[in-house]
Amino acid sequence: MSVTTLPRPAEATAGTAAPERLCAWAARERRKRAAVLGGLTLLLAALAMISVATGAVSVSPAELGAIFLGKLGLTTSVEASRVQEAVIWSIRLPRVVLGILAGATLAIGGAAIQGLFRNPLAEPGLIGTSSGAAMAAVIAIVAVTHLPFTLPAAAMSWIVSLAAFAGALAATFLVYRLSLVGGRTMVATMLLTGIAVNALAFSVVGLMMFLADDAQLRTIAFWNLGSLTPANWSSLAVVAPLMVIACVALPMMGRAMDALALGEAEAHHLGVAVQRVRFLTVLLVALSVGAAVSVTGVISFVGLVVPHLLRLAVGPNHRLLLPASALLGAALLVGADLLARTIAAPAELPLGVVTALLGAPYFLWLLIRERERGTLL
C-alpha cells in the first residue's frame, strides 16, 4: 500500500523559507560590511604610511620600518639617521595621527547629525559646533594682546585651543537648549536655531577681524582655514580621548538611528528612547568635533561630503555607514594634508582649502547626477 504525500501549503513553505532568506540576507550584509570596512582600512593605512614617509626629509620604507622597530627595542640591518627619526617621531607621526582622529571625528559626526535630522545634507556645523569654536578662538587671539603681560607662544596656543573647545560646547548646547519645547527636542527648531547661532558667531568673527592687527589677521585666517601643523604628542594626549570615545560610541547607536529614519513615533514604538539618543548624539558630536576643531581649526566639507558619498555607495544602514564614515573621513583628511604640504612645497596650503577643492566639485557632480536619475535623497 502506497502512501501519497500531499503538497505543503504555500503558507507553510513561505514560513519555512523566510528564516532562510533572513539568514542569507544577514550573511550578505556581514560580507558587505567586512569588504567595505576592510577596503577603507587598507586605504587609510596606505595613505598614512605614504604621508609619514613623504616630505622635505625623505625616508624609505626600510628606514621607516627601522625607526618603528627601534622604538620597540629591535634592530635591523637598515639604519635611519637621527634627523630622520626626529622628523618622523616628533613631526610627521603626530600630524598623521591627528589627521586620522580629526578626519574620523568630523566624518562620523556628520553621519550622526545627518541620521539624527534625517537630512543627508546636514553636518556638525549646522548645530553651531564649528562656528562657536571659530568665534571663541578669534576672540582669544585678539583679546590676548590687551593683557598687561606677554604670553609665550605655547601658552597662547593652549589658550586659543581651550577657547575654541569651550566655544564649540557653548554654541552647541545653546542650540540644543533653545530647541527644547515641552521637554522634547524639535528638529526644525534646532535647525533654525543653528542657522541663527552660526550667523551670530560669524558676525562676531568679522568684528574681531576688523579689530585685529596684521599679525592677528594672518593667524585668524590660517586658523579659520584649518591645518594639522599644531599637532604634537602633548596636544594629542588631551584631545584624542574625546575623539576616540565618539568614534567608538556613535557606531553603537546605529540601530537606534536606523529606527529614527522611519520617524520619531515609529522609533519610539520600536523601543528607542528618542530623546536620550538625540541628547547623547549631540553631546558626543559636540565634545569630539569641538576637541578636533580646537587643535586643527575649522576644516570644511569633510562632515558633509564623506557620509553622503558613502550613503550613495553602500546604503543608509547606520551600522555600516558610521564606521565607514570614520575610516573614509580619516583617509580623506590624511590625503588632503599630504597634498597641502607637498603640492606647493616649501609653502603649505591651508587644509580647509584643499578639502573644499577636492570635495565640492565631486559633490556637485554627484548631486547633478542623482537629480537627473531622480534618486536624489
# chains A, B, ... in the order shown; residues from 1 in each chain; ligands from 1
call {"tool": "residues_around", "arguments": {"residues": "range 244-253 of chain A", "least_positions_apart": "2", "cutoff": "8 Å", "atoms": "only C-alpha atoms", "output": "number ranges by chain"}}
result
A: 101, 104-105, 108, 112, 240-242, 255-257, 277, 281, 284-285, 288, 318-319, 322-323, 326
call {"tool": "write_last_selection", "arguments": {"atoms": "N, CA, C and O atoms", "output": "tab-separated table (two decimals), in the first residue's frame"}}
result
chain	number	residue	atom	x	y	z
A	101	LEU	N	42.46	61.03	13.48
A	101	LEU	CA	41.43	61.24	14.50
A	101	LEU	C	40.47	62.36	14.11
A	101	LEU	O	39.25	62.23	14.27
A	104	ALA	N	38.26	61.24	11.10
A	104	ALA	CA	37.26	60.28	11.56
A	104	ALA	C	36.17	60.96	12.37
A	104	ALA	O	34.97	60.68	12.20
A	105	THR	N	36.56	61.89	13.23
A	105	THR	CA	35.60	62.59	14.09
A	105	THR	C	34.65	63.46	13.28
A	105	THR	O	33.43	63.43	13.48
A	108	ILE	N	32.31	61.03	11.05
A	108	ILE	CA	31.31	60.26	11.79
A	108	ILE	C	30.33	61.21	12.48
A	108	ILE	O	29.14	60.90	12.64
A	112	ALA	N	26.33	61.09	11.91
A	112	ALA	CA	25.41	61.02	13.04
A	112	ALA	C	24.40	62.16	13.00
A	112	ALA	O	23.20	61.94	13.26
A	240	ALA	N	42.70	63.52	22.08
A	240	ALA	CA	42.46	62.21	21.47
A	240	ALA	C	41.41	61.39	22.22
A	240	ALA	O	40.57	60.74	21.57
A	241	PRO	N	41.40	61.34	23.57
A	241	PRO	CA	40.38	60.53	24.23
A	241	PRO	C	38.95	60.91	23.86
A	241	PRO	O	38.10	60.04	23.66
A	242	LEU	N	38.66	62.21	23.73
A	242	LEU	CA	37.31	62.64	23.37
A	242	LEU	C	36.95	62.18	21.96
A	242	LEU	O	35.82	61.75	21.71
A	255	ARG	N	21.71	51.09	15.33
A	255	ARG	CA	20.35	50.54	15.27
A	255	ARG	C	19.31	51.60	15.61
A	255	ARG	O	18.25	51.67	14.97
A	256	ALA	N	19.60	52.41	16.63
A	256	ALA	CA	18.67	53.47	17.00
A	256	ALA	C	18.49	54.48	15.88
A	256	ALA	O	17.38	54.95	15.61
A	257	MET	N	19.59	54.82	15.19
A	257	MET	CA	19.48	55.77	14.08
A	257	MET	C	18.75	55.17	12.89
A	257	MET	O	18.04	55.88	12.18
A	277	VAL	N	18.68	59.22	22.85
A	277	VAL	CA	19.56	59.05	21.69
A	277	VAL	C	19.95	60.40	21.11
A	277	VAL	O	21.11	60.64	20.78
A	281	THR	N	23.75	61.82	21.09
A	281	THR	CA	24.37	62.11	19.80
A	281	THR	C	24.92	63.53	19.76
A	281	THR	O	26.07	63.75	19.36
A	284	LEU	N	28.04	63.75	22.11
A	284	LEU	CA	29.25	63.13	21.57
A	284	LEU	C	29.81	63.93	20.40
A	284	LEU	O	31.03	64.12	20.29
A	285	VAL	N	28.93	64.42	19.53
A	285	VAL	CA	29.40	65.21	18.40
A	285	VAL	C	30.02	66.51	18.87
A	285	VAL	O	31.07	66.94	18.38
A	288	SER	N	33.51	65.74	20.62
A	288	SER	CA	34.57	65.26	19.72
A	288	SER	C	34.93	66.28	18.65
A	288	SER	O	36.11	66.55	18.41
A	318	HIS	N	23.05	52.54	9.16
A	318	HIS	CA	23.99	53.26	10.01
A	318	HIS	C	24.99	52.34	10.70
A	318	HIS	O	26.06	52.81	11.12
A	319	ARG	N	24.69	51.07	10.82
A	319	ARG	CA	25.66	50.15	11.42
A	319	ARG	C	26.89	49.97	10.53
A	319	ARG	O	27.96	49.64	11.03
A	322	LEU	N	28.25	54.52	9.77
A	322	LEU	CA	29.00	55.27	10.78
A	322	LEU	C	30.48	54.86	10.83
A	322	LEU	O	31.36	55.73	10.71
A	323	PRO	N	30.81	53.57	10.99
A	323	PRO	CA	32.25	53.23	10.99
A	323	PRO	C	32.92	53.48	9.65
A	323	PRO	O	34.09	53.86	9.60
A	326	ALA	N	33.89	57.09	9.43
A	326	ALA	CA	35.09	57.38	10.22
A	326	ALA	C	36.34	57.01	9.44
A	326	ALA	O	37.31	57.79	9.39
call {"tool": "residues_around", "arguments": {"residues": "range 220-227 of chain A", "least_positions_apart": "3", "cutoff": "8 Å", "atoms": "only C-alpha atoms", "output": "ChimeraX atom specification"}}
result
/A:134,138,141,209,216-217,230,296-300,337,350-353
call {"tool": "closest_residue", "arguments": {"among": "A:Val295, A:Leu69, A:Leu280, A:Leu332", "to": "Phe173 in chain A", "atoms": "only C-alpha atoms"}}
result
A:Leu280
call {"tool": "residues_around", "arguments": {"residues": "Leu339 in chain A", "least_positions_apart": "6", "cutoff": "9 Å", "atoms": "only C-alpha atoms", "output": "list in words"}}
result
Glu348, Leu349, Leu351 and Val354 of chain A
call {"tool": "write_last_selection", "arguments": {"atoms": "C-alpha atoms", "output": "PDB file, in the first residue's frame"}}
result
ATOM      1  CA  GLU A 348      51.873  74.850   2.840  1.00  0.00           C
ATOM      2  CA  LEU A 349      48.305  75.336   1.660  1.00  0.00           C
ATOM      3  CA  LEU A 351      43.966  72.304   4.775  1.00  0.00           C
ATOM      4  CA  VAL A 354      42.295  71.543  -0.097  1.00  0.00           C
TER       5      VAL A 354
END
call {"tool": "residues_around", "arguments": {"residues": "Val289 in chain A", "least_positions_apart": "2", "cutoff": "9 Å", "atoms": "only C-alpha atoms", "output": "compact mmCIF listing (two decimals) with N, CA, C and O atoms, in the first residue's frame"}}
result
# COMPACT_ATOMS: atom_id res chain seq x y z
N ALA A 102 41.02 63.48 13.62
CA ALA A 102 40.16 64.60 13.26
C ALA A 102 39.26 64.25 12.07
O ALA A 102 38.07 64.57 12.07
N THR A 105 36.56 61.89 13.23
CA THR A 105 35.60 62.59 14.09
C THR A 105 34.65 63.46 13.28
O THR A 105 33.43 63.43 13.48
N LEU A 106 35.19 64.25 12.35
CA LEU A 106 34.35 65.13 11.54
C LEU A 106 33.38 64.32 10.68
O LEU A 106 32.20 64.69 10.55
N GLY A 109 30.81 62.40 12.88
CA GLY A 109 29.90 63.39 13.42
C GLY A 109 28.90 63.85 12.38
O GLY A 109 27.71 64.03 12.68
N PRO A 124 28.00 68.78 11.35
CA PRO A 124 28.15 69.32 12.70
C PRO A 124 28.08 70.83 12.77
O PRO A 124 27.61 71.39 13.76
N THR A 129 28.61 73.91 16.20
CA THR A 129 29.87 73.45 16.76
C THR A 129 31.07 74.17 16.16
O THR A 129 31.91 74.74 16.88
N SER A 130 31.18 74.19 14.85
CA SER A 130 32.33 74.81 14.19
C SER A 130 32.33 76.32 14.34
O SER A 130 33.37 76.94 14.62
N PHE A 165 37.46 75.02 22.10
CA PHE A 165 36.71 73.89 22.64
C PHE A 165 35.51 74.37 23.45
O PHE A 165 34.38 73.87 23.30
N ALA A 168 32.82 75.78 21.13
CA ALA A 168 32.07 74.74 20.43
C ALA A 168 31.00 74.14 21.33
O ALA A 168 29.84 73.97 20.92
N LEU A 242 38.66 62.21 23.73
CA LEU A 242 37.31 62.64 23.37
C LEU A 242 36.95 62.18 21.96
O LEU A 242 35.82 61.75 21.71
N MET A 243 37.91 62.26 21.05
CA MET A 243 37.63 61.85 19.68
C MET A 243 37.48 60.33 19.58
O MET A 243 36.61 59.83 18.86
N LEU A 284 28.04 63.75 22.11
CA LEU A 284 29.25 63.13 21.57
C LEU A 284 29.81 63.93 20.40
O LEU A 284 31.03 64.12 20.29
N VAL A 285 28.93 64.42 19.53
CA VAL A 285 29.40 65.21 18.40
C VAL A 285 30.02 66.51 18.87
O VAL A 285 31.07 66.94 18.38
N ALA A 286 29.38 67.17 19.83
CA ALA A 286 29.91 68.44 20.33
C ALA A 286 31.28 68.26 20.98
O ALA A 286 32.21 69.03 20.73
N LEU A 287 31.41 67.24 21.83
CA LEU A 287 32.68 67.01 22.52
C LEU A 287 33.79 66.66 21.54
O LEU A 287 34.90 67.22 21.59
N ALA A 291 36.73 69.14 20.23
CA ALA A 291 38.12 68.78 20.51
C ALA A 291 38.97 68.82 19.24
O ALA A 291 40.10 69.32 19.24
N ALA A 292 38.43 68.31 18.14
CA ALA A 292 39.18 68.31 16.88
C ALA A 292 39.42 69.73 16.38
O ALA A 292 40.55 70.10 16.03
N VAL A 293 38.37 70.53 16.35
CA VAL A 293 38.49 71.90 15.83
C VAL A 293 39.39 72.75 16.71
O VAL A 293 40.07 73.65 16.22
N SER A 294 39.44 72.45 18.01
CA SER A 294 40.28 73.24 18.91
C SER A 294 41.77 73.12 18.58
O SER A 294 42.56 73.99 18.93
call {"tool": "select_by_dssp", "arguments": {"residues": "range 174-310 of chain A", "states": "alpha helix (DSSP H)", "output": "MDAnalysis selection string"}}
result
chainID A and resid 174:178 187:211 214:225 233:249 254:260 264:269 274:296 302:310
call {"tool": "atom_distance", "arguments": {"atom1": "CA of Thr54 in chain A", "atom2": "CA of Gly38 in chain A"}}
result
24.4 Å
call {"tool": "atom_distance", "arguments": {"atom1": "CA of Gly303 in chain A", "atom2": "CA of Ala345 in chain A"}}
result
27.3 Å
